[in-house]
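Chemist: Sharing a structure below in structure tokens format, with a few things to ask.
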Amino acid sequence: MSLEEHKRGRPFAKFASQAFALLCAGATWLCVSILILLLWNIVSFGLDSLSWDYINRFPSRFAEKAGIKSALVGSIYLIGLTALFAVPVGIGAAIYLEEYSPKNRWQTIVQINIANLAGVPSIVYGILGLGLFVRAMQLNRSLVAGALTLTLVVLPIVILAAQESLRAVPSTIRQASYALGATRWQTVWHQLLPAALPGIMTGVILALSRALGEAAPLVAIGAATYVPFLPEDVFKDEFTALPLQIFNWTGLPQKGFHEVAAAGIIILLIVLVCMNALAVALRYRFSRNKRW
Amino acid sequence: MLLPETALDSRPERMSEASARKTPVRMTTATLDQSNVSRSAAEIAEQSKKVVTRDVDFFYGAKQALYKVSLDVPEHCVTALIGPSGCGKSTFLRCLNRMNDMIDDTTVRGEILLDGKNVYRRGTDVVELRKRVGMVFQKSNPFPKSIYENVAYGPRVAGVRKRNILDEIVEKSLRQSALWDEVQDRLYDSALQLSGGQQQRLCIARALATNPDVLLMDEPASALDPKSTAAVEDLIFGLKKSYTIAIVTHNMQQAARVSDQTAFFYEGHLIEVGATNELFTNPYEKQTEDYITGRFG
Ligand SMILES: Nc1ncnc2c1ncn2[C@@H]1O[C@H](COP(=O)(O)OP(=O)(O)OP(=O)(O)O)[C@@H](O)[C@H]1O
Ligand SMILES: [Mg+2]
């Protein structure tokens, strides 16, 4: 085969390559169009109900007076508390597993367990939370009980993401640090965590986005759906959250409530997009000077 | 491969100067410390033994990598470790500052004494040991931080907080590693912007900043161009006044140029060790001769 022919490639290989590219593009567009359809459906349905008043009102028996305030505030509290519990514990566990624990049978078992826990349906954690936090620890249906339950849901995801990021730090960095007489803790604190931070942050935010959308575990612990006040005592007061409120509204027969629910979904999506944008921004900001 | 060797050979002044002045004379340790020349067997014998290893066996899991290695590293000398790839040079080097501890499932047997104390005895403070026995790796591995922070890291983790002391250490270490002039006006730029050769000298500066007694270098110049290699070699030559150095190298000329004593390893065994000019001109063992003349390895 001459060089010219070689450059042009064999006709069939070229055709196969193009067909494959087309197939992949088709798959992508299928996903995107389903997403757009979904969005369009929700936005066209819910946009009318969406207003400043809607955000600023408590739920009501009448669809036209119903608002999302308590659910939105409840969700924000919930995510904040979940982050408060899940981030230190998750990163701590990841550091232990990656940097301290000897790589033996025991570690393998723990590792497999964590990977499996990440795949356990969230309702199971809800039932655990009901038994452990709501009843045994007598936290009742408080924000703390809900946040602890969601912590169980997202903890494996946080641990896995943090482990992944720590593992991605080149071992030459570790070696250099230890060879200079740094302790394990100093190596973790001064070298590994800063280097792994963008990855950990992204993992944490994605995990929290998942927590934000979870309704099942909150249903399981018996969180309320009609809360006409803002929670003041996170250990005592009942709360509701965006997915719960939406779930509740969609279950009602009146069409008006379905529109309010669609508006709630728009709010939920906006919060999610904001969180993901934050993840991207953090990643970009921290990774600028961190290439090796 | 051809280029670096010829380029390096074109610097014969120092070698000839070195051999001219290396007549064995009655030198006290004090005067020895100022001489910048290769030392003869007699001179090496005079130096106190900084690191002594006795019958060191090393295992990666069940695989034995070192067999009964007994080697003395004399103070204020450069000891070169040579031998074919996979013969255990790096393994041996990492035993001296216990960097092998970081690899799971490894076993050491025998004694490794630093100033007469076994570094593998119970209760050794490994962190303290690594402050006394610094290491420079084959591949330069600066931290993704500023030049200043790279050099200041060792002193910082040792507890030095005062800015003026850190400044002093950073400048001194960078001067010692012949990097100061090139980087003094960009100390706060990322170390990753430096060239490969500069990065390696930065790693040497970083190792010097903890003020170690012993400096271990694992092929420090293997990834460098002839000019940077020459700079690193000059540096090593200058450093032996104040440090005890063990260097792994695949480059025979380099071993001959910078070292006082050479140890030849083969398949985990220490075959021969002696004053560099004697080992290179008149090796005792057949294997050594074959290796240094390039017949295998
Ligand atoms: N982490 C490790 N786990 C298992 N075996 C290892 C490990 N590191 C080295 N070895 C083995 O130990 C032997 C000695 O390796 P070592 O790295 O000390 O050789 P070397 O003399 O430094 O070689 P080179 O000149 O190529 O760097 C080799 O057979 C190698 O395969
Ligand atoms: Mg090696």
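Each chain of the structure tokens is named A, B, ... in the order shown, its residues numbered from 1; ligands are numbered from 1 in display order.
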Pull out every residue of chain A that has at least one atom within 6 Å of chain B, counting only C-alpha atoms, and report them as a PyMOL selection string.

Modeler: chain A and resi 179-182+290

Chemist: Counting only C-alpha atoms and all ligand atoms, which residues of chain B sit at most 7 Å from some atom of ligand 2, and what is each one's closest atom pair with its distance in Å to one decimal, listed by chain and rising residue number, as a tab-separated table?

Modeler:
```
residue	atom	partner	partner_atom_place_in_ligand_line	distance
B:Gly86	CA	ligand 2	1 (Mg)	6.9
B:Lys89	CA	ligand 2	1 (Mg)	5.8
B:Ser90	CA	ligand 2	1 (Mg)	4.1
B:Asp218	CA	ligand 2	1 (Mg)	6.6
```

Chemist: Using DSSP on the backbone, list every residue of segment 29-273 of chain A that comes out as alpha helix (DSSP H), and give them as a PDB file with C-alpha atoms, in the first residue's frame.

Modeler:
```pdb
ATOM      1  CA  TRP A  29     -28.697  13.232  21.390  1.00  0.00           C
ATOM      2  CA  LEU A  30     -31.270  10.732  22.631  1.00  0.00           C
ATOM      3  CA  CYS A  31     -30.247  11.509  26.219  1.00  0.00           C
ATOM      4  CA  VAL A  32     -30.162  15.231  25.633  1.00  0.00           C
ATOM      5  CA  SER A  33     -33.562  15.315  23.931  1.00  0.00           C
ATOM      6  CA  ILE A  34     -35.210  13.285  26.702  1.00  0.00           C
ATOM      7  CA  LEU A  35     -33.735  15.716  29.205  1.00  0.00           C
ATOM      8  CA  ILE A  36     -34.939  18.720  27.230  1.00  0.00           C
ATOM      9  CA  LEU A  37     -38.407  17.228  26.899  1.00  0.00           C
ATOM     10  CA  LEU A  38     -38.561  16.618  30.624  1.00  0.00           C
ATOM     11  CA  LEU A  39     -37.393  20.123  31.417  1.00  0.00           C
ATOM     12  CA  TRP A  40     -39.806  21.654  28.948  1.00  0.00           C
ATOM     13  CA  ASN A  41     -42.675  19.680  30.404  1.00  0.00           C
ATOM     14  CA  ILE A  42     -41.903  20.785  33.957  1.00  0.00           C
ATOM     15  CA  VAL A  43     -41.115  24.389  33.148  1.00  0.00           C
ATOM     16  CA  SER A  44     -44.210  24.916  31.011  1.00  0.00           C
ATOM     17  CA  PHE A  45     -46.314  23.297  33.723  1.00  0.00           C
ATOM     18  CA  GLY A  46     -44.828  24.975  36.761  1.00  0.00           C
ATOM     19  CA  TRP A  52     -41.460  35.405  44.839  1.00  0.00           C
ATOM     20  CA  ASP A  53     -44.590  34.828  46.878  1.00  0.00           C
ATOM     21  CA  TYR A  54     -44.392  31.120  46.181  1.00  0.00           C
ATOM     22  CA  ILE A  55     -40.933  30.947  47.655  1.00  0.00           C
ATOM     23  CA  ASN A  56     -41.976  33.056  50.613  1.00  0.00           C
ATOM     24  CA  LYS A  69     -40.710  28.246  52.095  1.00  0.00           C
ATOM     25  CA  SER A  70     -40.576  25.612  54.837  1.00  0.00           C
ATOM     26  CA  ALA A  71     -39.405  22.895  52.429  1.00  0.00           C
ATOM     27  CA  LEU A  72     -36.677  25.076  50.913  1.00  0.00           C
ATOM     28  CA  VAL A  73     -35.381  26.183  54.295  1.00  0.00           C
ATOM     29  CA  GLY A  74     -35.671  22.620  55.593  1.00  0.00           C
ATOM     30  CA  SER A  75     -33.626  21.318  52.654  1.00  0.00           C
ATOM     31  CA  ILE A  76     -30.942  23.945  53.182  1.00  0.00           C
ATOM     32  CA  TYR A  77     -30.686  23.066  56.874  1.00  0.00           C
ATOM     33  CA  LEU A  78     -30.644  19.393  55.997  1.00  0.00           C
ATOM     34  CA  ILE A  79     -27.830  19.721  53.467  1.00  0.00           C
ATOM     35  CA  GLY A  80     -25.790  21.913  55.781  1.00  0.00           C
ATOM     36  CA  LEU A  81     -26.088  19.460  58.664  1.00  0.00           C
ATOM     37  CA  THR A  82     -25.434  16.464  56.411  1.00  0.00           C
ATOM     38  CA  ALA A  83     -22.266  18.145  55.143  1.00  0.00           C
ATOM     39  CA  LEU A  84     -21.282  18.889  58.726  1.00  0.00           C
ATOM     40  CA  PHE A  85     -21.549  15.195  59.655  1.00  0.00           C
ATOM     41  CA  ALA A  86     -20.532  13.474  56.431  1.00  0.00           C
ATOM     42  CA  VAL A  87     -17.519  15.541  55.365  1.00  0.00           C
ATOM     43  CA  PRO A  88     -15.236  15.114  58.395  1.00  0.00           C
ATOM     44  CA  VAL A  89     -16.216  11.485  58.939  1.00  0.00           C
ATOM     45  CA  GLY A  90     -15.955  10.610  55.252  1.00  0.00           C
ATOM     46  CA  ILE A  91     -12.605  12.294  54.680  1.00  0.00           C
ATOM     47  CA  GLY A  92     -11.288  10.891  57.948  1.00  0.00           C
ATOM     48  CA  ALA A  93     -12.269   7.373  56.942  1.00  0.00           C
ATOM     49  CA  ALA A  94     -10.720   7.821  53.505  1.00  0.00           C
ATOM     50  CA  ILE A  95      -7.461   9.081  55.006  1.00  0.00           C
ATOM     51  CA  ARG A 105      -7.314  -8.879  54.360  1.00  0.00           C
ATOM     52  CA  TRP A 106      -9.205  -6.776  56.870  1.00  0.00           C
ATOM     53  CA  GLN A 107      -8.733  -3.655  54.796  1.00  0.00           C
ATOM     54  CA  THR A 108      -9.965  -5.466  51.689  1.00  0.00           C
ATOM     55  CA  ILE A 109     -13.123  -6.548  53.509  1.00  0.00           C
ATOM     56  CA  VAL A 110     -13.823  -3.013  54.707  1.00  0.00           C
ATOM     57  CA  GLN A 111     -13.182  -1.693  51.217  1.00  0.00           C
ATOM     58  CA  ILE A 112     -15.587  -4.110  49.561  1.00  0.00           C
ATOM     59  CA  ASN A 113     -18.189  -3.289  52.173  1.00  0.00           C
ATOM     60  CA  ILE A 114     -17.966   0.426  51.541  1.00  0.00           C
ATOM     61  CA  ALA A 115     -18.285  -0.089  47.802  1.00  0.00           C
ATOM     62  CA  ASN A 116     -21.379  -2.210  48.411  1.00  0.00           C
ATOM     63  CA  LEU A 117     -22.871   0.265  50.858  1.00  0.00           C
ATOM     64  CA  SER A 122     -31.578   4.676  50.353  1.00  0.00           C
ATOM     65  CA  ILE A 123     -34.863   3.417  51.860  1.00  0.00           C
ATOM     66  CA  VAL A 124     -32.791   0.837  53.746  1.00  0.00           C
ATOM     67  CA  TYR A 125     -30.815   3.625  55.377  1.00  0.00           C
ATOM     68  CA  GLY A 126     -34.120   5.309  56.145  1.00  0.00           C
ATOM     69  CA  ILE A 127     -35.295   2.273  58.088  1.00  0.00           C
ATOM     70  CA  LEU A 128     -31.963   2.148  59.917  1.00  0.00           C
ATOM     71  CA  GLY A 129     -32.277   5.852  60.697  1.00  0.00           C
ATOM     72  CA  LEU A 143     -33.580  17.921  61.353  1.00  0.00           C
ATOM     73  CA  VAL A 144     -30.653  16.224  63.091  1.00  0.00           C
ATOM     74  CA  ALA A 145     -32.297  12.814  62.752  1.00  0.00           C
ATOM     75  CA  GLY A 146     -32.962  13.499  59.062  1.00  0.00           C
ATOM     76  CA  ALA A 147     -29.419  14.781  58.469  1.00  0.00           C
ATOM     77  CA  LEU A 148     -27.871  11.790  60.233  1.00  0.00           C
ATOM     78  CA  THR A 149     -29.954   9.458  58.097  1.00  0.00           C
ATOM     79  CA  LEU A 150     -28.892  11.246  54.919  1.00  0.00           C
ATOM     80  CA  THR A 151     -25.304  11.095  56.219  1.00  0.00           C
ATOM     81  CA  LEU A 152     -25.605   7.308  56.167  1.00  0.00           C
ATOM     82  CA  VAL A 153     -26.788   7.501  52.561  1.00  0.00           C
ATOM     83  CA  VAL A 154     -23.959   9.705  51.289  1.00  0.00           C
ATOM     84  CA  LEU A 155     -21.083   8.581  53.536  1.00  0.00           C
ATOM     85  CA  PRO A 156     -19.958   5.709  51.272  1.00  0.00           C
ATOM     86  CA  ILE A 157     -19.988   8.055  48.274  1.00  0.00           C
ATOM     87  CA  VAL A 158     -17.918  10.652  50.113  1.00  0.00           C
ATOM     88  CA  ILE A 159     -15.443   8.034  51.326  1.00  0.00           C
ATOM     89  CA  LEU A 160     -15.015   6.514  47.875  1.00  0.00           C
ATOM     90  CA  ALA A 161     -14.574   9.895  46.195  1.00  0.00           C
ATOM     91  CA  ALA A 162     -12.047  11.039  48.799  1.00  0.00           C
ATOM     92  CA  GLN A 163     -10.135   7.766  48.562  1.00  0.00           C
ATOM     93  CA  GLU A 164     -10.044   8.081  44.806  1.00  0.00           C
ATOM     94  CA  SER A 165      -8.637  11.609  45.023  1.00  0.00           C
ATOM     95  CA  LEU A 166      -6.031  10.647  47.623  1.00  0.00           C
ATOM     96  CA  ARG A 167      -4.950   7.700  45.509  1.00  0.00           C
ATOM     97  CA  ALA A 168      -4.553   9.993  42.514  1.00  0.00           C
ATOM     98  CA  SER A 171       3.288   8.445  45.286  1.00  0.00           C
ATOM     99  CA  THR A 172       6.439  10.449  44.565  1.00  0.00           C
ATOM    100  CA  ILE A 173       4.893  13.293  46.556  1.00  0.00           C
ATOM    101  CA  ARG A 174       4.376  10.996  49.528  1.00  0.00           C
ATOM    102  CA  GLN A 175       7.884   9.629  49.272  1.00  0.00           C
ATOM    103  CA  ALA A 176       9.420  13.079  49.030  1.00  0.00           C
ATOM    104  CA  SER A 177       7.512  14.204  52.079  1.00  0.00           C
ATOM    105  CA  TYR A 178       8.398  11.178  54.200  1.00  0.00           C
ATOM    106  CA  ALA A 179      12.017  11.307  53.072  1.00  0.00           C
ATOM    107  CA  ARG A 184       2.221  10.771  58.444  1.00  0.00           C
ATOM    108  CA  TRP A 185      -0.035  13.487  59.717  1.00  0.00           C
ATOM    109  CA  GLN A 186       2.185  16.248  58.292  1.00  0.00           C
ATOM    110  CA  THR A 187       2.289  14.483  54.957  1.00  0.00           C
ATOM    111  CA  LEU A 193      -5.103  16.922  51.363  1.00  0.00           C
ATOM    112  CA  PRO A 194      -4.234  20.102  49.432  1.00  0.00           C
ATOM    113  CA  ALA A 195      -3.473  18.032  46.344  1.00  0.00           C
ATOM    114  CA  ALA A 196      -6.606  15.914  46.694  1.00  0.00           C
ATOM    115  CA  LEU A 197      -8.915  18.760  47.687  1.00  0.00           C
ATOM    116  CA  PRO A 198     -10.453  19.551  44.273  1.00  0.00           C
ATOM    117  CA  GLY A 199     -11.395  15.914  43.813  1.00  0.00           C
ATOM    118  CA  ILE A 200     -12.713  15.585  47.344  1.00  0.00           C
ATOM    119  CA  MET A 201     -14.779  18.765  46.982  1.00  0.00           C
ATOM    120  CA  THR A 202     -16.334  17.550  43.770  1.00  0.00           C
ATOM    121  CA  GLY A 203     -17.166  14.226  45.365  1.00  0.00           C
ATOM    122  CA  VAL A 204     -18.676  15.893  48.415  1.00  0.00           C
ATOM    123  CA  ILE A 205     -20.833  18.237  46.376  1.00  0.00           C
ATOM    124  CA  LEU A 206     -22.076  15.466  44.126  1.00  0.00           C
ATOM    125  CA  ALA A 207     -22.889  13.389  47.204  1.00  0.00           C
ATOM    126  CA  LEU A 208     -24.755  16.317  48.747  1.00  0.00           C
ATOM    127  CA  SER A 209     -26.697  16.813  45.508  1.00  0.00           C
ATOM    128  CA  ARG A 210     -27.827  13.247  45.888  1.00  0.00           C
ATOM    129  CA  ALA A 211     -28.837  13.892  49.497  1.00  0.00           C
ATOM    130  CA  LEU A 212     -30.795  16.939  48.373  1.00  0.00           C
ATOM    131  CA  GLY A 213     -32.897  14.836  46.016  1.00  0.00           C
ATOM    132  CA  ALA A 216     -37.316   7.861  50.474  1.00  0.00           C
ATOM    133  CA  PRO A 217     -35.181   7.885  53.632  1.00  0.00           C
ATOM    134  CA  LEU A 218     -37.024  10.953  54.891  1.00  0.00           C
ATOM    135  CA  VAL A 219     -40.357   9.258  54.290  1.00  0.00           C
ATOM    136  CA  ALA A 220     -39.035   6.247  56.181  1.00  0.00           C
ATOM    137  CA  LEU A 242     -38.106  19.853  48.882  1.00  0.00           C
ATOM    138  CA  PRO A 243     -38.449  16.299  47.538  1.00  0.00           C
ATOM    139  CA  LEU A 244     -40.880  15.404  50.323  1.00  0.00           C
ATOM    140  CA  GLN A 245     -43.050  18.430  49.654  1.00  0.00           C
ATOM    141  CA  ILE A 246     -43.048  17.742  45.921  1.00  0.00           C
ATOM    142  CA  PHE A 247     -43.860  14.096  46.522  1.00  0.00           C
ATOM    143  CA  ASN A 248     -46.719  15.102  48.764  1.00  0.00           C
ATOM    144  CA  TRP A 249     -48.172  17.621  46.315  1.00  0.00           C
ATOM    145  CA  THR A 250     -48.017  15.262  43.353  1.00  0.00           C
ATOM    146  CA  GLY A 251     -49.985  12.740  45.391  1.00  0.00           C
ATOM    147  CA  LYS A 255     -54.483  19.797  39.305  1.00  0.00           C
ATOM    148  CA  GLY A 256     -53.480  23.043  41.032  1.00  0.00           C
ATOM    149  CA  PHE A 257     -51.204  21.138  43.360  1.00  0.00           C
ATOM    150  CA  HIS A 258     -49.518  19.432  40.418  1.00  0.00           C
ATOM    151  CA  GLU A 259     -48.575  22.850  39.112  1.00  0.00           C
ATOM    152  CA  VAL A 260     -47.205  23.876  42.491  1.00  0.00           C
ATOM    153  CA  ALA A 261     -45.240  20.610  42.535  1.00  0.00           C
ATOM    154  CA  ALA A 262     -43.747  21.401  39.124  1.00  0.00           C
ATOM    155  CA  ALA A 263     -42.716  24.797  40.455  1.00  0.00           C
ATOM    156  CA  GLY A 264     -41.107  23.004  43.404  1.00  0.00           C
ATOM    157  CA  ILE A 265     -39.186  20.803  40.991  1.00  0.00           C
ATOM    158  CA  ILE A 266     -37.901  23.908  39.222  1.00  0.00           C
ATOM    159  CA  ILE A 267     -36.638  25.251  42.551  1.00  0.00           C
ATOM    160  CA  LEU A 268     -35.012  21.910  43.340  1.00  0.00           C
ATOM    161  CA  LEU A 269     -33.316  21.869  39.941  1.00  0.00           C
ATOM    162  CA  ILE A 270     -32.062  25.426  40.398  1.00  0.00           C
ATOM    163  CA  VAL A 271     -30.497  24.515  43.750  1.00  0.00           C
ATOM    164  CA  LEU A 272     -28.915  21.414  42.184  1.00  0.00           C
ATOM    165  CA  VAL A 273     -27.488  23.358  39.259  1.00  0.00           C
TER     166      VAL A 273
END
```

Chemist: Could you give me, as a PyMOL selection string, the residues within 8 Å of Thr106 of chain B, counting only C-alpha atoms and dropping anything in the same chain fewer than 3 positions from it?

Modeler: chain B and resi 58-61+100-101+103

Chemist: Applying 10 Å and only C-alpha atoms, which residues near Asn140 of chain A remain after dropping the ones on its own chain fewer than 2 positions away? List them as an mmCIF file with C-alpha atoms, in the first residue's frame.

Modeler:
```
data_model
loop_
_atom_site.group_PDB
_atom_site.id
_atom_site.type_symbol
_atom_site.label_atom_id
_atom_site.label_comp_id
_atom_site.auth_asym_id
_atom_site.auth_seq_id
_atom_site.Cartn_x
_atom_site.Cartn_y
_atom_site.Cartn_z
ATOM 1 C CA LEU A 130 -35.797 5.310 62.030
ATOM 2 C CA PHE A 133 -31.730 8.002 65.377
ATOM 3 C CA VAL A 134 -35.483 8.580 65.680
ATOM 4 C CA ARG A 135 -36.238 5.885 68.252
ATOM 5 C CA ALA A 136 -33.066 4.677 70.027
ATOM 6 C CA MET A 137 -31.391 8.087 70.226
ATOM 7 C CA GLN A 138 -34.759 9.785 70.677
ATOM 8 C CA SER A 142 -35.949 16.428 63.923
ATOM 9 C CA LEU A 143 -33.580 17.921 61.353
ATOM 10 C CA VAL A 144 -30.653 16.224 63.091
ATOM 11 C CA ALA A 145 -32.297 12.814 62.752
ATOM 12 C CA GLY A 146 -32.962 13.499 59.062
ATOM 13 C CA ILE A 221 -38.096 8.234 59.259
ATOM 14 C CA GLY A 222 -41.532 9.811 59.106
ATOM 15 C CA ALA A 223 -40.601 13.384 58.316
ATOM 16 C CA PHE A 235 -32.861 18.739 67.637
ATOM 17 C CA LYS A 236 -36.602 19.014 68.243
ATOM 18 C CA ASP A 237 -38.641 20.786 65.578
ATOM 19 C CA GLU A 238 -40.291 18.869 62.794
#
```

Chemist: Measuring atom to atom with only C-alpha atoms, identify which of A:Phe12, A:Tyr96, A:Trp189, A:Tyr226 is nearest to Ala66 of chain A.

Modeler: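 For Ala66 of chain A, the nearest of the given residues is A:Tyr226.
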
Chemist: Please identify the strand (DSSP E) residues within segment 130-239 of chain B (assignment by DSSP from backbone atoms) and present them as a ChimeraX atom specification.

Modeler: /B:133-136,214-218

Chemist: Any chance you could export the current selection's N, CA, C and O atoms as a PDB file, in the first residue's frame?

Modeler:
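Resulting contents of part_5.pdb:
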```pdb
ATOM      1  N   VAL B 133      19.117  11.310  57.596  1.00  0.00           N
ATOM      2  CA  VAL B 133      19.520  10.642  56.353  1.00  0.00           C
ATOM      3  C   VAL B 133      18.592  11.124  55.238  1.00  0.00           C
ATOM      4  O   VAL B 133      17.494  10.620  55.062  1.00  0.00           O
ATOM      5  N   GLY B 134      19.037  12.126  54.493  1.00  0.00           N
ATOM      6  CA  GLY B 134      18.201  12.702  53.440  1.00  0.00           C
ATOM      7  C   GLY B 134      18.259  11.862  52.176  1.00  0.00           C
ATOM      8  O   GLY B 134      19.142  11.025  52.016  1.00  0.00           O
ATOM      9  N   MET B 135      17.287  12.096  51.285  1.00  0.00           N
ATOM     10  CA  MET B 135      17.252  11.289  50.062  1.00  0.00           C
ATOM     11  C   MET B 135      16.840  12.126  48.858  1.00  0.00           C
ATOM     12  O   MET B 135      15.944  12.961  48.944  1.00  0.00           O
ATOM     13  N   VAL B 136      17.518  11.889  47.760  1.00  0.00           N
ATOM     14  CA  VAL B 136      17.148  12.515  46.490  1.00  0.00           C
ATOM     15  C   VAL B 136      16.784  11.393  45.532  1.00  0.00           C
ATOM     16  O   VAL B 136      17.518  10.417  45.415  1.00  0.00           O
ATOM     17  N   VAL B 214      23.756  12.362  56.347  1.00  0.00           N
ATOM     18  CA  VAL B 214      23.991  11.473  55.211  1.00  0.00           C
ATOM     19  C   VAL B 214      23.017  11.849  54.102  1.00  0.00           C
ATOM     20  O   VAL B 214      21.864  12.166  54.367  1.00  0.00           O
ATOM     21  N   LEU B 215      23.506  11.828  52.864  1.00  0.00           N
ATOM     22  CA  LEU B 215      22.641  12.136  51.738  1.00  0.00           C
ATOM     23  C   LEU B 215      22.640  10.936  50.792  1.00  0.00           C
ATOM     24  O   LEU B 215      23.689  10.505  50.321  1.00  0.00           O
ATOM     25  N   LEU B 216      21.455  10.379  50.560  1.00  0.00           N
ATOM     26  CA  LEU B 216      21.331   9.245  49.648  1.00  0.00           C
ATOM     27  C   LEU B 216      20.799   9.756  48.321  1.00  0.00           C
ATOM     28  O   LEU B 216      19.825  10.503  48.284  1.00  0.00           O
ATOM     29  N   MET B 217      21.461   9.378  47.225  1.00  0.00           N
ATOM     30  CA  MET B 217      20.999   9.861  45.929  1.00  0.00           C
ATOM     31  C   MET B 217      20.813   8.675  44.994  1.00  0.00           C
ATOM     32  O   MET B 217      21.747   7.929  44.727  1.00  0.00           O
ATOM     33  N   ASP B 218      19.587   8.513  44.515  1.00  0.00           N
ATOM     34  CA  ASP B 218      19.293   7.393  43.632  1.00  0.00           C
ATOM     35  C   ASP B 218      19.277   7.895  42.184  1.00  0.00           C
ATOM     36  O   ASP B 218      18.299   8.477  41.743  1.00  0.00           O
TER      37      ASP B 218
END
```

Chemist: So, counting only C-alpha atoms, which residue among B:Leu166, B:His76, B:Ser48, B:Ala42 is closest to Ile245 of chain B?

Modeler: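 Ranked by minimum distance to Ile245 of chain B, first place goes to B:His76.
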
Chemist: Given the choices B:Val108, B:Ile165, B:Ile236, B:Met252, which gets closest to Leu279 of chain B if the distance is worked out from only C-alpha atoms?

Modeler: B:Met252

Chemist: So that I can check the surroundings of Tyr67 of chain B, please list as a CSV table (one decimal) with C-alpha atoms, in the first residue's frame every protein, DNA and RNA residue that reaches within 8 Å of it, counting only C-alpha atoms and ignoring chain neighbours fewer than 4 positions away.

Modeler:
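Once written, out01.csv looks like this:
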```csv
chain,number,residue,atom,x,y,z
B,55,ASP,CA,24.8,-9.1,56.7
B,56,VAL,CA,21.7,-7.3,55.5
B,57,ASP,CA,19.1,-9.5,53.9
B,58,PHE,CA,16.1,-7.9,52.3
B,268,GLY,CA,21.5,-8.8,45.4
B,269,HIS,CA,25.0,-9.6,46.4
B,270,LEU,CA,27.7,-7.0,47.2
```

Chemist: Please indicate the distance in Å from atom CA of Ile292 of chain B to atom CA of Pro84 of chain B, rounded to one decimal place.

Modeler: 10.2 Å

Chemist: How far is it from atom CA of Leu239 of chain B to atom CA of Arg201 of chain B, in Å with one decimal?

Modeler: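 Straight-line distance from atom CA of Leu239 of chain B to atom CA of Arg201 of chain B works out to 12.7 Å.
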
Chemist: Record the distance separating atom CA of Leu187 of chain B and atom CA of Asp167 of chain B, expressed in Å with one decimal.

Modeler: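 One can read the atom CA of Leu187 of chain B to atom CA of Asp167 of chain B distance as 10.5 Å.
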